[in-house]
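Engineer: Below is the structure I would like to discuss, written out as structure tokens.
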Amino acid sequence: MATEKPPRFDQIDWDDISPSSRLDLSINSKLMVLTGLPVLLLLLYDLLFVDELQATVPKLGRDLGLAAQFEALGLDYDPTTVDFLFVFTLFLFAWYVVLPLYQNPRLTSYYWAKFRRNRPAVLSLLWLGIVFAGGIIGPQFISAPEQDILLGNQPPVFMQIDTNHVAQCVGPIEDGRCHGTWEHPLGTDRAGKDVFSSVIYGMTISMQIAFITTTIVATIGISVGTLSAYSGGWVDELLMRFVDIVLSFPTFLFFLLILYIYGAGLGMFILVFSLFGWGATSRYVRSKALSVSEEEFIKATKISGASTRRIIRRHIVPNTASSIITQLTLLVPGFLLAEAQLAFLGIGDSNIPSWGQLISSGRNALDFAPWIVMVPGTALFLTILAFNFLGDALLDALNPEAQAERDQ
Amino acid sequence: MGLARYIGARVIWAGVVSLIIVTITFLLLALAPNPSISEAATQAALQGGDPTEAVERQQELRGLDQPLHVRYLDFLEGVYTLNWGWSEQRSQPVIEALGEGIYYTAQYSIPWTVLTLSIGPLVGVYSAANMYSWRDHLATGFAFFGWAIPNFFFGIILLYIFGVWLQWVPIQYSTDVAVFSVANAKQLLLPVFVLVTGSIGAVMRVSRNESAEFQNATFMKTARAKGVSPTRAYAYHVMRPTMVPLSTTIVSQLLVIFLGSSLLVELVFGIPGLGRLTFDALLAQDTNLVLGSTLLFTFIAVVGNLIEDIVFTLLDPRISYDDR
């Protein structure tokens, strides 16, 4: 007598497919906790225990009784809240975007093959890679641009300027014209700040804005969108009406008002813009989630006894991912532009070395020192362009239906 | 639900949204320290008076000693009866100052809107009809360029090239010229061009991609088979369904640029319009005027979204009012 039951296909042991215990995390989540938690703890420490005038890391050294060691290692950073959040989002990016690409080499090479066909997109990715690397590594090697009024308006290499406009020329002077040197490869602005290093420091700001806003917008947008799609009824109605309000909010002007009343730095900018920027994303996710939840495979999963949580996490969110990624790449340029515009107006925090700041500082010198405006302006233009091309290419690469439609 | 009821419901909803935004604005202002009060305290202290007394007097003067809800109702009444206060910086009522701003803003906004509305969809459909030809590539390149270049940066460069170098257009905006004159057209040429380039890109892209879908639709084949001329086929059978998704893009694009970039474009070209007004008020710490222009822009945004919703339903007869 066979006591063993015959194998059946309609009953699924869910524990077998993925560990049921919530404590049993995937390697990605483990790495995230391992790296993200210390960052958040440090942020809390910074917010609660460190005065505004104290530098965070040396204070930590003193509190731990390791001041001497910290000093010997040269640990004297004073990161801001934005810096902490930036590092945190970088870890998120590494463990949930880059690592999965490495874990699934087959899919990665499949998408890459499709992506590679779009040449502008590859170039865009390259440029964004430069901005990313420059923004993260650059400030470690290049010292922050310093004011030196005597060295104002130095021309870039291979360019020249009338000596009337420069107080002191670093390079050779020929026929009353000051020539550029490699000391300031892209010249200096009116206050004598090196344009090249200003642009590098501007990359950091741009990347901080891009990463942190994307994370916040994605988190809120995906949560609200899926919740709305999955609960339906009055919850859906309420959330979508709320989205209506968020969408009709004139964020840029509102930020001006906040700036006027309270004054605001980069952190406030990121917070306000991402808190009012998720409306379109959540609408997008909702409509996508609604159409996915009608699919046969969702019904099959449901019949086999998968929990709602599981369906949402394993099937609905991943299936909306392609549209979310595209949507986010198209959202980021808007934030970058808004920051540049505010910096250009000169009413934000003038200590942030962003591209907009540099453009605004060179505006009056356009007729004799055009590089002050042109270099950061071009960098901004290229970055926005690259995000747009990338979004377009990702749409084609990640969405087979769009490709099929086009091939018809 | 009929069309009238649908529109009615939408209008009421727009009213609710504006109320919420006004409320948030009020809270922002109410919770913030008022600069003029601390200024009064400093003044009193400098002149040997009693700062606390000065603060109290200022608060009484501004009605800040009343409870929050009374102030809120007062504020609402003021906002909705268009009693927006006095602009200290310009020594005139806020409404009047805003009216002057609108006069100059409209002079470039109207041509800009008309041009975006007329050229964008046409070029988009044209590119879809000639997909992957060099004209299509040119249009696509232009769309991406206009979409990506920051308006204020583009404005500075164009002003430098055509104003300073070539001297084709005046560098300084003049308010003395008549509205309908060659001189005015000349000085508004660059701002309009910059704004059109900024807003037309998205319109061209969306109309191109959307109309590409309808070009090979069966109804187009039928129309062609019946011998409909290409112009008519594109005008009636492709343009019409394309306008439905496009209306959303157009309104939101125009709004985004109007609410954000027009301020900078006015600043770059020295046009004394609404954006310039807001900026000057911010610098001069003229709270009433800042508030007034923020509210005006907010109402424009709310009305714009309302128009978008209504146009969307009117254009697409398939949408039933019950679903929304």
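Ordered as shown in the structure tokens, chains take letters A, B, and onward, while each chain numbers its residues from 1 and ligands are numbered from 1 in the order shown.
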Using only C-alpha atoms, I'd like a table of the residues in chain B that come within 9 Å of chain A; for each, show the closest atom pair and its distance in Å rounded to one decimal, ordered by chain and ascending number, as a tab-separated table.

Structural biologist:
residue	atom	partner	partner_atom	distance
B:Val17	CA	A:Ile245	CA	5.9
B:Ser18	CA	A:Ile245	CA	8.7
B:Ile20	CA	A:Ile245	CA	8.2
B:Ile21	CA	A:Phe249	CA	7.4
B:Thr25	CA	A:Phe254	CA	8.4
B:Leu28	CA	A:Ile258	CA	7.6
B:Leu29	CA	A:Ile261	CA	7.2
B:Ala32	CA	A:Ile261	CA	6.5
B:Pro33	CA	A:Ile261	CA	7.9
B:Asn34	CA	A:Ile261	CA	8.1
B:Pro35	CA	A:Ile261	CA	8.4
B:Phe144	CA	A:Leu385	CA	7.0
B:Phe145	CA	A:Leu385	CA	7.4
B:Trp147	CA	A:Leu385	CA	7.9
B:Ala148	CA	A:Leu385	CA	5.0
B:Ile149	CA	A:Phe381	CA	5.0
B:Pro150	CA	A:Phe381	CA	6.5
B:Phe152	CA	A:Gln341	CA	7.7
B:Phe153	CA	A:Gly377	CA	6.4
B:Phe154	CA	A:Gly377	CA	8.8
B:Ile156	CA	A:Arg363	CA	7.7
B:Ile157	CA	A:Met374	CA	8.5
B:Tyr160	CA	A:Asp367	CA	7.4
B:Val164	CA	A:Asp367	CA	7.8
B:Trp165	CA	A:Asp367	CA	8.6
B:Ala212	CA	A:Arg406	CA	8.9
B:Glu213	CA	A:Glu405	CA	8.2
B:Leu255	CA	A:Pro250	CA	9.0
B:Val256	CA	A:Pro250	CA	8.2
B:Leu259	CA	A:Pro250	CA	6.8
B:Gly260	CA	A:Phe252	CA	6.0
B:Ser261	CA	A:Gln341	CA	7.7
B:Leu264	CA	A:Gln341	CA	7.2
B:Leu267	CA	A:Leu345	CA	8.6
B:Phe279	CA	A:Leu345	CA	8.3
B:Leu282	CA	A:Tyr260	CA	6.5
B:Leu283	CA	A:Ile347	CA	8.2
B:Gln285	CA	A:Tyr260	CA	7.8
B:Thr287	CA	A:Tyr260	CA	8.8
B:Val290	CA	A:Leu257	CA	7.4
B:Leu291	CA	A:Leu257	CA	7.7
B:Thr294	CA	A:Leu253	CA	6.3
B:Phe297	CA	A:Pro250	CA	7.4
B:Thr298	CA	A:Pro250	CA	6.1
B:Ala301	CA	A:Ser248	CA	6.1
B:Val302	CA	A:Ser248	CA	5.9
B:Gly304	CA	A:Ser248	CA	8.7
B:Asn305	CA	A:Ser248	CA	6.7

Engineer: Output C-alpha atoms for every residue in the selection just made, as a PDB file, in the first residue's frame.

Structural biologist:
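The resulting file, again_7.pdb, is reproduced below:
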ATOM      1  CA  VAL B  17      -8.813  71.970  -4.080  1.00  0.00           C
ATOM      2  CA  SER B  18      -8.308  75.726  -4.103  1.00  0.00           C
ATOM      3  CA  ILE B  20      -7.253  73.286   0.621  1.00  0.00           C
ATOM      4  CA  ILE B  21      -4.295  75.057  -0.959  1.00  0.00           C
ATOM      5  CA  THR B  25      -0.905  78.746   2.690  1.00  0.00           C
ATOM      6  CA  LEU B  28       2.314  78.366   6.624  1.00  0.00           C
ATOM      7  CA  LEU B  29       1.933  82.068   7.199  1.00  0.00           C
ATOM      8  CA  ALA B  32       5.833  81.514  10.819  1.00  0.00           C
ATOM      9  CA  PRO B  33       7.329  84.389  12.715  1.00  0.00           C
ATOM     10  CA  ASN B  34       6.198  87.563  11.005  1.00  0.00           C
ATOM     11  CA  PRO B  35       9.214  89.589   9.846  1.00  0.00           C
ATOM     12  CA  PHE B 144      14.596  66.590 -27.305  1.00  0.00           C
ATOM     13  CA  PHE B 145      16.723  69.705 -27.497  1.00  0.00           C
ATOM     14  CA  TRP B 147      12.717  69.666 -23.802  1.00  0.00           C
ATOM     15  CA  ALA B 148      16.166  69.366 -22.243  1.00  0.00           C
ATOM     16  CA  ILE B 149      17.645  72.829 -22.479  1.00  0.00           C
ATOM     17  CA  PRO B 150      16.893  74.906 -19.383  1.00  0.00           C
ATOM     18  CA  PHE B 152      16.667  80.465 -18.581  1.00  0.00           C
ATOM     19  CA  PHE B 153      20.025  79.235 -19.875  1.00  0.00           C
ATOM     20  CA  PHE B 154      18.733  79.189 -23.445  1.00  0.00           C
ATOM     21  CA  ILE B 156      20.626  84.062 -21.692  1.00  0.00           C
ATOM     22  CA  ILE B 157      22.492  82.603 -24.632  1.00  0.00           C
ATOM     23  CA  TYR B 160      23.688  87.312 -25.849  1.00  0.00           C
ATOM     24  CA  VAL B 164      24.691  91.774 -27.718  1.00  0.00           C
ATOM     25  CA  TRP B 165      26.537  90.309 -30.692  1.00  0.00           C
ATOM     26  CA  ALA B 212       1.534  56.598 -34.998  1.00  0.00           C
ATOM     27  CA  GLU B 213      -0.885  54.186 -33.360  1.00  0.00           C
ATOM     28  CA  LEU B 255       1.143  74.958 -16.737  1.00  0.00           C
ATOM     29  CA  VAL B 256       4.516  73.603 -15.654  1.00  0.00           C
ATOM     30  CA  LEU B 259       4.363  78.314 -13.144  1.00  0.00           C
ATOM     31  CA  GLY B 260       8.096  77.693 -13.141  1.00  0.00           C
ATOM     32  CA  SER B 261      10.108  78.908 -16.051  1.00  0.00           C
ATOM     33  CA  LEU B 264      12.963  83.140 -14.941  1.00  0.00           C
ATOM     34  CA  LEU B 267      13.825  87.916 -15.217  1.00  0.00           C
ATOM     35  CA  PHE B 279      10.474  87.972  -7.495  1.00  0.00           C
ATOM     36  CA  LEU B 282      10.143  88.300  -2.451  1.00  0.00           C
ATOM     37  CA  LEU B 283      13.269  90.441  -2.335  1.00  0.00           C
ATOM     38  CA  GLN B 285       9.749  91.169   1.745  1.00  0.00           C
ATOM     39  CA  THR B 287       4.278  89.645   2.229  1.00  0.00           C
ATOM     40  CA  VAL B 290       4.052  87.508  -2.404  1.00  0.00           C
ATOM     41  CA  LEU B 291       0.913  85.924  -1.048  1.00  0.00           C
ATOM     42  CA  THR B 294       1.203  82.819  -5.106  1.00  0.00           C
ATOM     43  CA  PHE B 297      -0.677  81.265  -9.706  1.00  0.00           C
ATOM     44  CA  THR B 298      -2.431  78.643  -7.594  1.00  0.00           C
ATOM     45  CA  ALA B 301      -3.090  75.973 -11.800  1.00  0.00           C
ATOM     46  CA  VAL B 302      -6.437  74.825 -10.408  1.00  0.00           C
ATOM     47  CA  GLY B 304      -5.874  74.781 -15.761  1.00  0.00           C
ATOM     48  CA  ASN B 305      -6.405  71.331 -14.281  1.00  0.00           C
TER      49      ASN B 305
END

Engineer: Can you list, as a list in words, every residue of region 27-127 of chain B that DSSP puts in strand (DSSP E or B)?

Structural biologist: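 Result set for region 27-127 of chain B (strand (DSSP E or B)): Trp86, Ser87, Gln92 and Pro93 of chain B.
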
Engineer: If we count only C-alpha atoms and set the cut-off at 9 Å, which residues sit around Asn151 (chain B), ignoring sequence neighbours fewer than 5 positions away in its own chain? Please answer as a ChimeraX atom specification.

Structural biologist: /B:146,156,194-195,197-198,261-262,264-265

Engineer: B:Pro51, B:Pro121, B:Pro191, B:Gly8: which is nearest Asn209 (chain B), counting only C-alpha atoms?

Structural biologist: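 With only C-alpha atoms as the atom set, the closest residue is B:Pro121.
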
Engineer: What lies within 9 Å of Val244 (chain B) using only C-alpha atoms, ignoring chain neighbours under 5 positions off, as an NGL selection string?

Structural biologist: :B and (311-316)

Engineer: Out of region 107-310 of chain B, which residues get alpha helix (DSSP H) from DSSP, as a PDB file with C-alpha atoms, in the first residue's frame?

Structural biologist:
ATOM      1  CA  GLN B 107       1.703  89.782 -24.105  1.00  0.00           C
ATOM      2  CA  TYR B 108       4.105  86.880 -24.391  1.00  0.00           C
ATOM      3  CA  SER B 109       1.923  84.102 -22.953  1.00  0.00           C
ATOM      4  CA  ILE B 110      -0.818  84.352 -25.555  1.00  0.00           C
ATOM      5  CA  PRO B 111       1.448  84.060 -28.625  1.00  0.00           C
ATOM      6  CA  TRP B 112       3.384  81.316 -26.857  1.00  0.00           C
ATOM      7  CA  THR B 113       0.252  79.270 -26.082  1.00  0.00           C
ATOM      8  CA  VAL B 114      -1.176  79.767 -29.566  1.00  0.00           C
ATOM      9  CA  LEU B 115       2.078  78.748 -31.249  1.00  0.00           C
ATOM     10  CA  THR B 116       2.515  75.661 -29.055  1.00  0.00           C
ATOM     11  CA  LEU B 117      -1.069  74.606 -29.680  1.00  0.00           C
ATOM     12  CA  SER B 118      -0.877  75.064 -33.429  1.00  0.00           C
ATOM     13  CA  ILE B 119       2.631  73.945 -34.332  1.00  0.00           C
ATOM     14  CA  GLY B 120       3.162  71.100 -31.824  1.00  0.00           C
ATOM     15  CA  PRO B 121       0.421  68.673 -32.892  1.00  0.00           C
ATOM     16  CA  LEU B 122       0.908  69.443 -36.587  1.00  0.00           C
ATOM     17  CA  VAL B 123       4.621  68.697 -36.543  1.00  0.00           C
ATOM     18  CA  GLY B 124       4.014  65.629 -34.377  1.00  0.00           C
ATOM     19  CA  VAL B 125       1.465  64.142 -36.760  1.00  0.00           C
ATOM     20  CA  TYR B 126       3.620  65.088 -39.723  1.00  0.00           C
ATOM     21  CA  SER B 127       6.581  63.265 -38.208  1.00  0.00           C
ATOM     22  CA  ALA B 128       4.437  60.230 -37.521  1.00  0.00           C
ATOM     23  CA  ALA B 129       3.302  60.221 -41.131  1.00  0.00           C
ATOM     24  CA  TRP B 134      15.232  62.843 -42.036  1.00  0.00           C
ATOM     25  CA  ARG B 135      12.432  65.318 -41.315  1.00  0.00           C
ATOM     26  CA  ASP B 136      11.190  63.092 -38.529  1.00  0.00           C
ATOM     27  CA  HIS B 137      14.704  62.797 -37.104  1.00  0.00           C
ATOM     28  CA  LEU B 138      15.104  66.558 -37.300  1.00  0.00           C
ATOM     29  CA  ALA B 139      11.817  67.115 -35.493  1.00  0.00           C
ATOM     30  CA  THR B 140      12.692  64.510 -32.860  1.00  0.00           C
ATOM     31  CA  GLY B 141      16.100  66.087 -32.316  1.00  0.00           C
ATOM     32  CA  PHE B 142      14.513  69.492 -31.959  1.00  0.00           C
ATOM     33  CA  ALA B 143      11.924  68.102 -29.536  1.00  0.00           C
ATOM     34  CA  PHE B 144      14.596  66.590 -27.305  1.00  0.00           C
ATOM     35  CA  PHE B 145      16.723  69.705 -27.497  1.00  0.00           C
ATOM     36  CA  GLY B 146      13.870  72.011 -26.528  1.00  0.00           C
ATOM     37  CA  TRP B 147      12.717  69.666 -23.802  1.00  0.00           C
ATOM     38  CA  ALA B 148      16.166  69.366 -22.243  1.00  0.00           C
ATOM     39  CA  ASN B 151      14.775  77.850 -20.509  1.00  0.00           C
ATOM     40  CA  PHE B 152      16.667  80.465 -18.581  1.00  0.00           C
ATOM     41  CA  PHE B 153      20.025  79.235 -19.875  1.00  0.00           C
ATOM     42  CA  PHE B 154      18.733  79.189 -23.445  1.00  0.00           C
ATOM     43  CA  GLY B 155      17.321  82.673 -22.931  1.00  0.00           C
ATOM     44  CA  ILE B 156      20.626  84.062 -21.692  1.00  0.00           C
ATOM     45  CA  ILE B 157      22.492  82.603 -24.632  1.00  0.00           C
ATOM     46  CA  LEU B 158      19.999  83.774 -27.250  1.00  0.00           C
ATOM     47  CA  VAL B 182       6.812  95.972 -34.622  1.00  0.00           C
ATOM     48  CA  ALA B 183       9.044  97.089 -31.759  1.00  0.00           C
ATOM     49  CA  ASN B 184       7.006  95.081 -29.265  1.00  0.00           C
ATOM     50  CA  ALA B 185       7.009  92.027 -31.500  1.00  0.00           C
ATOM     51  CA  LYS B 186      10.765  92.363 -31.826  1.00  0.00           C
ATOM     52  CA  GLN B 187      11.403  92.471 -28.095  1.00  0.00           C
ATOM     53  CA  LEU B 188       8.998  89.608 -27.411  1.00  0.00           C
ATOM     54  CA  LEU B 189      10.396  87.425 -30.173  1.00  0.00           C
ATOM     55  CA  LEU B 190      13.105  85.778 -28.071  1.00  0.00           C
ATOM     56  CA  PRO B 191      11.056  85.105 -24.915  1.00  0.00           C
ATOM     57  CA  VAL B 192       8.274  83.584 -27.006  1.00  0.00           C
ATOM     58  CA  PHE B 193      10.761  81.508 -28.962  1.00  0.00           C
ATOM     59  CA  VAL B 194      12.421  80.217 -25.774  1.00  0.00           C
ATOM     60  CA  LEU B 195       9.101  79.281 -24.188  1.00  0.00           C
ATOM     61  CA  VAL B 196       7.759  77.659 -27.352  1.00  0.00           C
ATOM     62  CA  THR B 197      10.922  75.551 -27.658  1.00  0.00           C
ATOM     63  CA  GLY B 198      10.497  74.501 -24.052  1.00  0.00           C
ATOM     64  CA  SER B 199       6.872  73.469 -24.256  1.00  0.00           C
ATOM     65  CA  ILE B 200       6.639  72.167 -27.807  1.00  0.00           C
ATOM     66  CA  GLY B 201       9.013  69.220 -27.362  1.00  0.00           C
ATOM     67  CA  ALA B 202       6.707  67.159 -25.184  1.00  0.00           C
ATOM     68  CA  VAL B 203       3.701  68.034 -27.339  1.00  0.00           C
ATOM     69  CA  MET B 204       5.510  66.912 -30.479  1.00  0.00           C
ATOM     70  CA  ARG B 205       6.672  63.662 -28.907  1.00  0.00           C
ATOM     71  CA  VAL B 206       3.286  62.696 -27.542  1.00  0.00           C
ATOM     72  CA  SER B 207       1.400  63.590 -30.718  1.00  0.00           C
ATOM     73  CA  ARG B 208       3.943  61.701 -32.799  1.00  0.00           C
ATOM     74  CA  ASN B 209       3.762  58.532 -30.703  1.00  0.00           C
ATOM     75  CA  GLU B 210       0.010  58.624 -30.239  1.00  0.00           C
ATOM     76  CA  SER B 211      -0.843  59.329 -33.859  1.00  0.00           C
ATOM     77  CA  ALA B 212       1.534  56.598 -34.998  1.00  0.00           C
ATOM     78  CA  GLU B 213      -0.885  54.186 -33.360  1.00  0.00           C
ATOM     79  CA  PHE B 214      -3.903  55.488 -35.262  1.00  0.00           C
ATOM     80  CA  GLN B 215      -2.227  55.668 -38.656  1.00  0.00           C
ATOM     81  CA  THR B 218      -8.527  49.801 -39.448  1.00  0.00           C
ATOM     82  CA  PHE B 219     -10.618  52.955 -39.644  1.00  0.00           C
ATOM     83  CA  MET B 220      -7.766  54.639 -41.477  1.00  0.00           C
ATOM     84  CA  LYS B 221      -7.619  51.778 -43.951  1.00  0.00           C
ATOM     85  CA  THR B 222     -11.362  52.113 -44.495  1.00  0.00           C
ATOM     86  CA  ALA B 223     -11.067  55.842 -44.973  1.00  0.00           C
ATOM     87  CA  ARG B 224      -8.254  55.380 -47.487  1.00  0.00           C
ATOM     88  CA  ALA B 225     -10.139  52.669 -49.291  1.00  0.00           C
ATOM     89  CA  PRO B 230      -4.746  62.298 -47.149  1.00  0.00           C
ATOM     90  CA  THR B 231      -5.257  65.765 -45.658  1.00  0.00           C
ATOM     91  CA  ARG B 232      -8.796  64.980 -44.658  1.00  0.00           C
ATOM     92  CA  MET B 239      -5.872  64.259 -35.319  1.00  0.00           C
ATOM     93  CA  ARG B 240      -9.136  63.776 -33.475  1.00  0.00           C
ATOM     94  CA  PRO B 241      -8.235  60.677 -31.420  1.00  0.00           C
ATOM     95  CA  THR B 242      -4.704  62.027 -30.937  1.00  0.00           C
ATOM     96  CA  MET B 243      -6.059  65.177 -29.351  1.00  0.00           C
ATOM     97  CA  VAL B 244      -7.549  63.184 -26.456  1.00  0.00           C
ATOM     98  CA  PRO B 245      -4.304  62.095 -24.761  1.00  0.00           C
ATOM     99  CA  LEU B 246      -2.580  65.177 -26.146  1.00  0.00           C
ATOM    100  CA  SER B 247      -4.891  67.606 -24.377  1.00  0.00           C
ATOM    101  CA  THR B 248      -3.560  66.394 -21.040  1.00  0.00           C
ATOM    102  CA  THR B 249       0.040  66.835 -22.134  1.00  0.00           C
ATOM    103  CA  ILE B 250      -0.536  70.291 -23.580  1.00  0.00           C
ATOM    104  CA  VAL B 251      -2.262  71.688 -20.526  1.00  0.00           C
ATOM    105  CA  SER B 252       0.200  70.213 -18.065  1.00  0.00           C
ATOM    106  CA  GLN B 253       3.215  71.312 -20.122  1.00  0.00           C
ATOM    107  CA  LEU B 254       1.951  74.856 -20.446  1.00  0.00           C
ATOM    108  CA  LEU B 255       1.143  74.958 -16.737  1.00  0.00           C
ATOM    109  CA  VAL B 256       4.516  73.603 -15.654  1.00  0.00           C
ATOM    110  CA  ILE B 257       6.360  76.130 -17.751  1.00  0.00           C
ATOM    111  CA  PHE B 258       4.037  78.953 -16.870  1.00  0.00           C
ATOM    112  CA  LEU B 259       4.363  78.314 -13.144  1.00  0.00           C
ATOM    113  CA  SER B 261      10.108  78.908 -16.051  1.00  0.00           C
ATOM    114  CA  SER B 262       8.161  81.991 -17.084  1.00  0.00           C
ATOM    115  CA  LEU B 263       9.356  83.632 -13.888  1.00  0.00           C
ATOM    116  CA  LEU B 264      12.963  83.140 -14.941  1.00  0.00           C
ATOM    117  CA  VAL B 265      12.355  84.058 -18.542  1.00  0.00           C
ATOM    118  CA  GLU B 266      10.821  87.335 -17.396  1.00  0.00           C
ATOM    119  CA  LEU B 267      13.825  87.916 -15.217  1.00  0.00           C
ATOM    120  CA  VAL B 268      16.289  87.181 -18.003  1.00  0.00           C
ATOM    121  CA  PHE B 269      14.525  89.402 -20.530  1.00  0.00           C
ATOM    122  CA  LEU B 274       3.835  88.468 -12.987  1.00  0.00           C
ATOM    123  CA  GLY B 275       7.005  86.489 -12.431  1.00  0.00           C
ATOM    124  CA  ARG B 276       9.135  89.578 -12.116  1.00  0.00           C
ATOM    125  CA  LEU B 277       6.546  91.025  -9.743  1.00  0.00           C
ATOM    126  CA  THR B 278       6.701  87.943  -7.528  1.00  0.00           C
ATOM    127  CA  PHE B 279      10.474  87.972  -7.495  1.00  0.00           C
ATOM    128  CA  ASP B 280      10.705  91.664  -6.599  1.00  0.00           C
ATOM    129  CA  ALA B 281       8.115  91.186  -3.887  1.00  0.00           C
ATOM    130  CA  LEU B 282      10.143  88.300  -2.451  1.00  0.00           C
ATOM    131  CA  LEU B 283      13.269  90.441  -2.335  1.00  0.00           C
ATOM    132  CA  THR B 287       4.278  89.645   2.229  1.00  0.00           C
ATOM    133  CA  ASN B 288       0.920  90.726   0.813  1.00  0.00           C
ATOM    134  CA  LEU B 289       2.178  90.824  -2.728  1.00  0.00           C
ATOM    135  CA  VAL B 290       4.052  87.508  -2.404  1.00  0.00           C
ATOM    136  CA  LEU B 291       0.913  85.924  -1.048  1.00  0.00           C
ATOM    137  CA  GLY B 292      -1.231  87.513  -3.718  1.00  0.00           C
ATOM    138  CA  SER B 293       0.871  86.309  -6.605  1.00  0.00           C
ATOM    139  CA  THR B 294       1.203  82.819  -5.106  1.00  0.00           C
ATOM    140  CA  LEU B 295      -2.582  82.658  -4.795  1.00  0.00           C
ATOM    141  CA  LEU B 296      -3.027  83.913  -8.336  1.00  0.00           C
ATOM    142  CA  PHE B 297      -0.677  81.265  -9.706  1.00  0.00           C
ATOM    143  CA  THR B 298      -2.431  78.643  -7.594  1.00  0.00           C
ATOM    144  CA  PHE B 299      -5.809  79.604  -9.002  1.00  0.00           C
ATOM    145  CA  ILE B 300      -4.388  79.494 -12.497  1.00  0.00           C
ATOM    146  CA  ALA B 301      -3.090  75.973 -11.800  1.00  0.00           C
ATOM    147  CA  VAL B 302      -6.437  74.825 -10.408  1.00  0.00           C
ATOM    148  CA  VAL B 303      -8.382  76.301 -13.329  1.00  0.00           C
ATOM    149  CA  GLY B 304      -5.874  74.781 -15.761  1.00  0.00           C
ATOM    150  CA  ASN B 305      -6.405  71.331 -14.281  1.00  0.00           C
ATOM    151  CA  LEU B 306     -10.153  71.858 -14.432  1.00  0.00           C
ATOM    152  CA  ILE B 307      -9.958  72.784 -18.116  1.00  0.00           C
ATOM    153  CA  GLU B 308      -7.777  69.742 -18.745  1.00  0.00           C
ATOM    154  CA  ASP B 309     -10.374  67.434 -17.186  1.00  0.00           C
ATOM    155  CA  ILE B 310     -13.303  68.966 -19.026  1.00  0.00           C
TER     156      ILE B 310
END

Engineer: Could you jot down the CA of Pro353 (chain A) to CA of Ser206 (chain A) separation for me, Å, one decimal place?

Structural biologist: 10.2 Å

Engineer: Rounded to one decimal place, report the CA of Phe255 (chain A)-CA of Ile12 (chain B) distance in Å.

Structural biologist: 26.5 Å

Engineer: Quick one: residues within 9 Å of Phe88 (chain A), only C-alpha atoms, excluding same-chain residues fewer than 5 positions away - as JSON, numbers by chain?

Structural biologist: {"A": [35, 36, 37, 39, 40, 83, 93, 212]}

Engineer: What does the structure give for the distance between CA of Gly221 (chain A) and CA of Leu128 (chain A), in Å to one decimal?

Structural biologist: 24.1 Å

Engineer: Would you mind listing what lies within 12 Å of Gly187 (chain A) as a ChimeraX atom specification, with only C-alpha atoms counted and same-chain residues fewer than 2 positions away left out?

Structural biologist: /A:145,151-161,166,169-171,178-185,189-199,362,369-376

Engineer: Find the residues around Ile200 (chain A) up to 7 Å (only C-alpha atoms counted), leave out those fewer than 4 positions away in its own chain, and share them as number ranges by chain.

Structural biologist: A: 134-135, 138, 196, 204
